[in-house]
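Accompanying notes for the structure given below.
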Amino acid sequence: MNKKLLMKFKSIIGLIVFSLIVSVLSPRFLTVSNILNVLRQTSINSIIAAGMTFVILTGGIDLSVGSTLAFCGAVCAYFISAGMSVFLAVTIALAIGALVGLFSGIIISKGKVQPFIATLVTMTVLRGATLVFTNGKPITLGSDKASEVFSKIGAGYFLGIPIPVYLMVLVFMIAYYVLTQTRIGRYVYALGGNEEASKLSGLNVSKIKLSVYAISGMLAALAGVVITARLSSANPNAGAGYELDAIAAVVLGGTSLAGGAGSILGTIIGALIIGILSNALNLLDVSSYYQMIAKGAVILIAVLADRKEK
Amino acid sequence: MKQPIFEMKAITKEFPGVKALDHVDFKIHKGRVMALLGENGAGKSTLMKILSGVYQKDDGEIIYEGKKVDIKGPKDAQEEGISIIHQELNLIPHLTIGENIFLGREPVNAFKKIDWTKLYKDSEVLLKKLKVDKSPKELVASLSIGEQQMVEIAKALSLNAKIIIMDEPTDALTKKETESLFHVIHELRAQQKSIVYISHRLEEIFQVCDDVTVLRDGKFIGEAQVKTLNEDQLIEMMVGRKLTEQFPSVVVEKGDVALEVKNLSNEYVKDISFLLRKGEILGISGLMGSGRTELAKSIYGALRKDSGKVYIDGKEVNIKSTQNALKEGIAYVSEDRKGQGLILGLSVKENMSISSLKDFESPIFKINRTKEKKAVKNYIAQMAIKTPTERQKIKNLSGGNQQKVSIAKGLMTNPKILILDEPTRGVDVGAKKEIYDLINKFKQTGMSIIMISSEMPEILGMSDRILVMHQGRITGELDRTDASQEKIMKCAVGIKEVSYKDE
């Protein structure tokens, strides 16, 4: 029993041990402002990774999240600078994100294209569309009232805690509820476990696939909104490579790339590990070149440790 | 009898919490076929895994050709001339027959280049020996299951195997393929090879085996020559009790027509028409590939229909998906439990309720777990499913219990029509009887049942009426009272002979 409990919480324990080591190495690590900083930095990747968890649990993959982030961020910035209300602009951006996911989902479920290829297509096309839409230049917000309100989404604080952290927590709470308490959550696991059996059990397999890609797309759009708001500017090259960070967080959290097994709680921990790692390396003045090597090594170690125990 | 070529004495193997084998003796004689019989969980596979080096014994000794040996790994076993042909074949579909036979042991020339001429010539000799009429250059993917099995046997022969273990070899074979397999077994025996034959099908034991060893609950029950036993005695040895009646037939008053299929055609089946009444078991027989499963899946909405009509309770229904079918009261239990029936990574509960989750949903889209658990526990009790808790992963259950969960999943949707595709495949004798009793119980409640089966005694014993299929068509319809194995066989091979019409 104890061993089982230990297994279950091994990633949390790993996270704590890791944090302790960092706090010894750098006294600045365990300060309130730094922790809030880490959480805020993690929020973008976490929100994307939450959506990615749904997709990977069905046995799929979504490479298009980085491009979706950039495109939806640009659309949002464009509408706000054109004078649209913040609420409407954000809603449109999220809707477009969901539509992009739906599009990938349709290619995958109706066109029977492998998720890797289908979302590679969406990723490429959307990056191009973003560059066309922005003329390859960042859309920078002015200092009007709407832009100010909008920038709060990314840069504001409430009760001393950054707004993106609230958004991240909200996203994870909803994702947790959906995956563990609802029918669609159960179906996501079933589909990832055995597609043919799911179909013969009367599940609408296409609908489930469309749903998970739509969720992933919408959350990528939300991350795009947050990042645009934080910088008060939408960069057409934003989010490049983010899909890999999100996949890394999901895998670090113990979710199987084959689908059918894993959890959203694992994903939070995975995202935090990645966030704390880069924060710690920054505090320790490690150059960003070495940081990448360190990140790769940590992912490798974590994944190997996970395999061994299985 | 002569000294056995291979003898395992007092083999004991323990896994955490279970004694899988408890002082088991097992002998293999030269040039004879030894059957290894036992219910699921009796220890057959553990014993064979020790024999082939996958597991190490905890205690006991192995004597091979008069010498004490230690088999430390699969490689040792292979070098000693022991080959095992698994239930799931281990061939690589996109390589040729020859490449598969010599995989990892390809003949090479002085420059380490593969000597293709020799490889294919040697393969051809092996195939000829097994009377397989195929070029060794053909891809394995293009072969039938039976032919693939022959490739496995050819591989074993190329390894100079003296002992060949066959684990449920006929499970996926057609009648004809089974016959040619038996022929090959006779040949191998004539060449003084020893064979271990594991099967659930008792009639096969009588057809091809010389000796039989029976295990039960990890213990050695007995060894005997097959000709000294009859089927009842064998079953008694396996289950440790007398099975008075395998198929307790239950008579139920004929009810109204529940399902009518008219001129159903698609890619797989042609012009299918039949009736199914309430409280009736309609058996569907036919050889593998005759379109039985495809017919069931077409009615269930898992395969597209090109033409034809389906009526339920006299009303025409248009079933386009499995969701539609469940809504209309049709449930289907797959023949391929592990591949298409169950989701192995999920629990007993999650598998059982997956088709009927909607019934447990609260207004805020939350699954009412208390209600779900209660319903699942109810079925576990009713169907005597052996599982520690409903949270147990389904893959840890025995075949029979997995099958019961599969059936329970269908029942939880409250079907009017239950389609059971090979309901007792890979299920041991004791659990079979329990499943038959359950099916009869459903019948008594007025449920209409379609039972597809390859096992003649099962079809003849359980069905009220039997449809026989051949190449996608119904070639015979027989009443219970006038059906016989011979008549079914004639229809199954396409000689239309009997036609009994309902009314």
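Naming works like this for the structure tokens: A, B, ... for the chains as they're shown, residue 1 at the start of each chain, ligands 1 onward in shown order.
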
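Near segment 191-200 of chain A, within 6 Å and counting only C-alpha atoms, sit Leu57, Thr58, Gly59, Tyr187, Val188, Leu203, Gly259 and Gly260 of chain A; Gln340, Gly341, Leu342 and Ile343 of chain B; same-chain residues fewer than 3 positions away were not included.
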
Find the residues of chain B in contact range of chain A, meaning any atom within 7 Å when counting only C-alpha atoms, and list them as a short mmCIF file (atom, residue, chain, number, x, y, z; two decimals) with N, CA and C atoms, in the first residue's frame.
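Done, and the output landed in part_32.cif:
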```cif
data_model
loop_
_atom_site.label_atom_id
_atom_site.label_comp_id
_atom_site.auth_asym_id
_atom_site.auth_seq_id
_atom_site.Cartn_x
_atom_site.Cartn_y
_atom_site.Cartn_z
N ALA B 302 -22.52 -1.13 -37.33
CA ALA B 302 -21.08 -0.92 -37.35
C ALA B 302 -20.53 -1.03 -38.77
N THR B 322 -23.72 2.57 -34.42
CA THR B 322 -23.90 1.72 -33.25
C THR B 322 -24.75 2.44 -32.20
N GLN B 323 -24.68 3.78 -32.17
CA GLN B 323 -25.51 4.51 -31.22
C GLN B 323 -26.99 4.29 -31.55
N LEU B 326 -28.12 0.77 -30.40
CA LEU B 326 -28.36 0.67 -28.97
C LEU B 326 -29.67 1.35 -28.60
N GLN B 340 -11.75 -6.03 -29.85
CA GLN B 340 -12.87 -5.16 -30.19
C GLN B 340 -13.92 -5.07 -29.10
N GLY B 341 -13.82 -5.95 -28.10
CA GLY B 341 -14.87 -5.97 -27.10
C GLY B 341 -14.58 -5.09 -25.90
N LEU B 342 -13.40 -5.25 -25.36
CA LEU B 342 -13.11 -4.59 -24.09
C LEU B 342 -12.01 -3.55 -24.25
N ILE B 343 -11.97 -2.62 -23.30
CA ILE B 343 -10.89 -1.66 -23.26
C ILE B 343 -10.00 -2.08 -22.11
N GLY B 345 -7.25 -1.36 -20.65
CA GLY B 345 -6.65 -0.49 -19.64
C GLY B 345 -7.65 0.03 -18.62
N ILE B 354 -19.81 1.47 -20.05
CA ILE B 354 -19.45 2.42 -21.11
C ILE B 354 -20.59 2.65 -22.11
N SER B 355 -21.37 1.60 -22.40
CA SER B 355 -22.44 1.76 -23.39
C SER B 355 -23.68 2.42 -22.80
N LEU B 357 -23.62 4.80 -20.13
CA LEU B 357 -23.23 5.88 -19.22
C LEU B 357 -24.28 6.98 -19.12
N PHE B 365 -24.09 17.11 -16.05
CA PHE B 365 -23.19 16.26 -16.84
C PHE B 365 -22.22 15.47 -15.99
N LYS B 366 -22.56 15.26 -14.74
CA LYS B 366 -21.67 14.51 -13.86
C LYS B 366 -22.17 13.08 -13.82
N ILE B 367 -21.22 12.14 -13.85
CA ILE B 367 -21.63 10.74 -13.74
C ILE B 367 -21.95 10.46 -12.27
#
```

- Message: Quick check for you: according to DSSP on this backbone, which residues of segment 22-218 of chain A are classed as helix (DSSP H, G or I)? Reply as a PyMOL selection string.
- Response: chain A and resi 22-25+32-57+65-81+86-109+115-134+145-155+163-181+183-193+195-200+205-218

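The protein and nucleic acid residues lying at most 9 Å from Phe87 of chain A are Thr91, Ile92 and Phe150 of chain A, with only C-alpha atoms considered and sequence neighbours fewer than 4 positions away removed.
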
Give me a file of those residues, with C-alpha atoms, as a CSV table (one decimal), in the first residue's frame.
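Dumped everything to again08.csv:
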```csv
chain,number,residue,atom,x,y,z
A,91,THR,CA,-14.6,35.5,-27.6
A,92,ILE,CA,-14.0,35.6,-31.3
A,150,PHE,CA,-7.1,43.9,-22.4
```

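By only C-alpha atoms, and with residues fewer than 6 positions from segment 2-11 of chain B along its chain excluded, the set lying at most 7 Å from it is Leu21, Asp22, His23, Val24, Asp25, Phe26, Lys27, Ile28, His29, Lys30, Lys57, Asp59, Gly60, Glu61, Ile62, Ile63, Tyr64 and Glu65 of chain B.
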
Take the selection from the previous step and output its residues with C-alpha atoms, as a compact mmCIF listing (two decimals), in the first residue's frame.
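That gives us again-v4.txt:
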```txt
# COMPACT_ATOMS: atom_id res chain seq x y z
CA LEU B 21 2.24 -24.49 -10.26
CA ASP B 22 2.36 -26.90 -7.36
CA HIS B 23 4.54 -29.98 -7.91
CA VAL B 24 3.43 -30.54 -11.48
CA ASP B 25 4.73 -33.49 -13.49
CA PHE B 26 4.74 -33.37 -17.26
CA LYS B 27 6.13 -35.81 -19.78
CA ILE B 28 6.64 -35.58 -23.50
CA HIS B 29 7.17 -38.77 -25.48
CA LYS B 30 9.14 -39.08 -28.68
CA LYS B 57 11.03 -22.70 -12.12
CA ASP B 59 11.58 -25.91 -7.66
CA GLY B 60 11.58 -29.28 -9.41
CA GLU B 61 13.74 -30.71 -12.16
CA ILE B 62 13.76 -31.07 -15.90
CA ILE B 63 15.19 -34.14 -17.59
CA TYR B 64 15.79 -33.98 -21.33
CA GLU B 65 16.98 -37.02 -23.25
```

- Message: So the first atom is atom CA of Ile293 of chain A and the second is atom CA of Ser216 of chain A; what is the distance between them in Å, to one decimal place?
- Response: 27.9 Å

- Task: Looking only at strand (DSSP E) from DSSP on the backbone, list the matching residues of segment 88-239 of chain B as a PyMOL selection string.
- Result: chain B and resi 163-167+194-198+211-216+219-225

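In this comparison, which uses only C-alpha atoms, the residue of A:Ser23, A:Thr228, A:Thr140, A:Thr122 approaching Ser81 of chain A most closely is A:Thr140.
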
- Item | Contacts of Ile21 of chain A within 12 Å, only C-alpha atoms, excl. fewer than 4 positions in-chain, as JSON, numbers by chain | {"A": [14, 15, 16, 17, 25, 26, 27, 29, 30, 276, 277, 280]}

Those residues you just picked out, can you put them in a file as a PDB file, in the first residue's frame with C-alpha atoms?
```
ATOM      1  CA  GLY A  14      10.025  14.535  -7.496  1.00  0.00           C
ATOM      2  CA  LEU A  15       8.765  18.076  -7.877  1.00  0.00           C
ATOM      3  CA  ILE A  16       9.250  18.831  -4.169  1.00  0.00           C
ATOM      4  CA  VAL A  17      12.743  17.329  -4.025  1.00  0.00           C
ATOM      5  CA  LEU A  25      21.318  26.485  -4.591  1.00  0.00           C
ATOM      6  CA  SER A  26      19.578  29.821  -4.921  1.00  0.00           C
ATOM      7  CA  PRO A  27      18.077  31.584  -1.916  1.00  0.00           C
ATOM      8  CA  PHE A  29      14.046  30.780  -5.441  1.00  0.00           C
ATOM      9  CA  LEU A  30      11.723  30.364  -2.485  1.00  0.00           C
ATOM     10  CA  ILE A 276      10.765  25.616 -12.308  1.00  0.00           C
ATOM     11  CA  LEU A 277      13.662  24.179 -14.256  1.00  0.00           C
ATOM     12  CA  ALA A 280      16.114  27.839 -11.548  1.00  0.00           C
TER      13      ALA A 280
END
```

Polymer residues at most 12 Å from Lys118 of chain B, only C-alpha atoms, same-chain spacing of 2 or more positions, as a short mmCIF file (atom, residue, chain, number, x, y, z; two decimals) with C-alpha atoms, in the first residue's frame:
```cif
data_model
loop_
_atom_site.label_atom_id
_atom_site.label_comp_id
_atom_site.auth_asym_id
_atom_site.auth_seq_id
_atom_site.Cartn_x
_atom_site.Cartn_y
_atom_site.Cartn_z
CA GLY B 98 11.24 -16.84 -46.45
CA GLU B 99 12.42 -13.72 -44.62
CA PHE B 102 14.95 -17.20 -41.30
CA GLU B 106 19.64 -15.41 -42.50
CA PRO B 107 22.25 -17.43 -44.39
CA VAL B 108 25.10 -15.12 -45.46
CA ASN B 109 28.04 -15.38 -47.83
CA LYS B 113 25.61 -10.39 -47.70
CA ILE B 114 22.39 -12.34 -47.31
CA ASP B 115 22.41 -15.39 -49.54
CA TRP B 116 18.88 -14.94 -50.93
CA TYR B 120 14.45 -19.05 -50.60
CA LYS B 121 15.52 -22.51 -51.65
CA ASP B 122 15.60 -23.73 -48.06
CA SER B 123 12.25 -22.06 -47.40
CA GLU B 124 10.75 -23.76 -50.38
CA VAL B 125 11.88 -27.17 -49.16
CA PRO B 136 8.44 -18.28 -50.24
#
```

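Taking atom CA of Val165 of chain A and atom CA of Leu281 of chain A as endpoints, the distance between them is 21.5 Å.
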
- Message: Using only C-alpha atoms, which protein or nucleic acid residues come within 12 Å of Val405 of chain B? Drop anything in the same chain fewer than 5 positions from it, and give the result as a PyMOL selection string.
- Response: chain B and resi 333-334+337-338+341-344+347-354+376-387+390+392-395+397-400+410-412+423+435
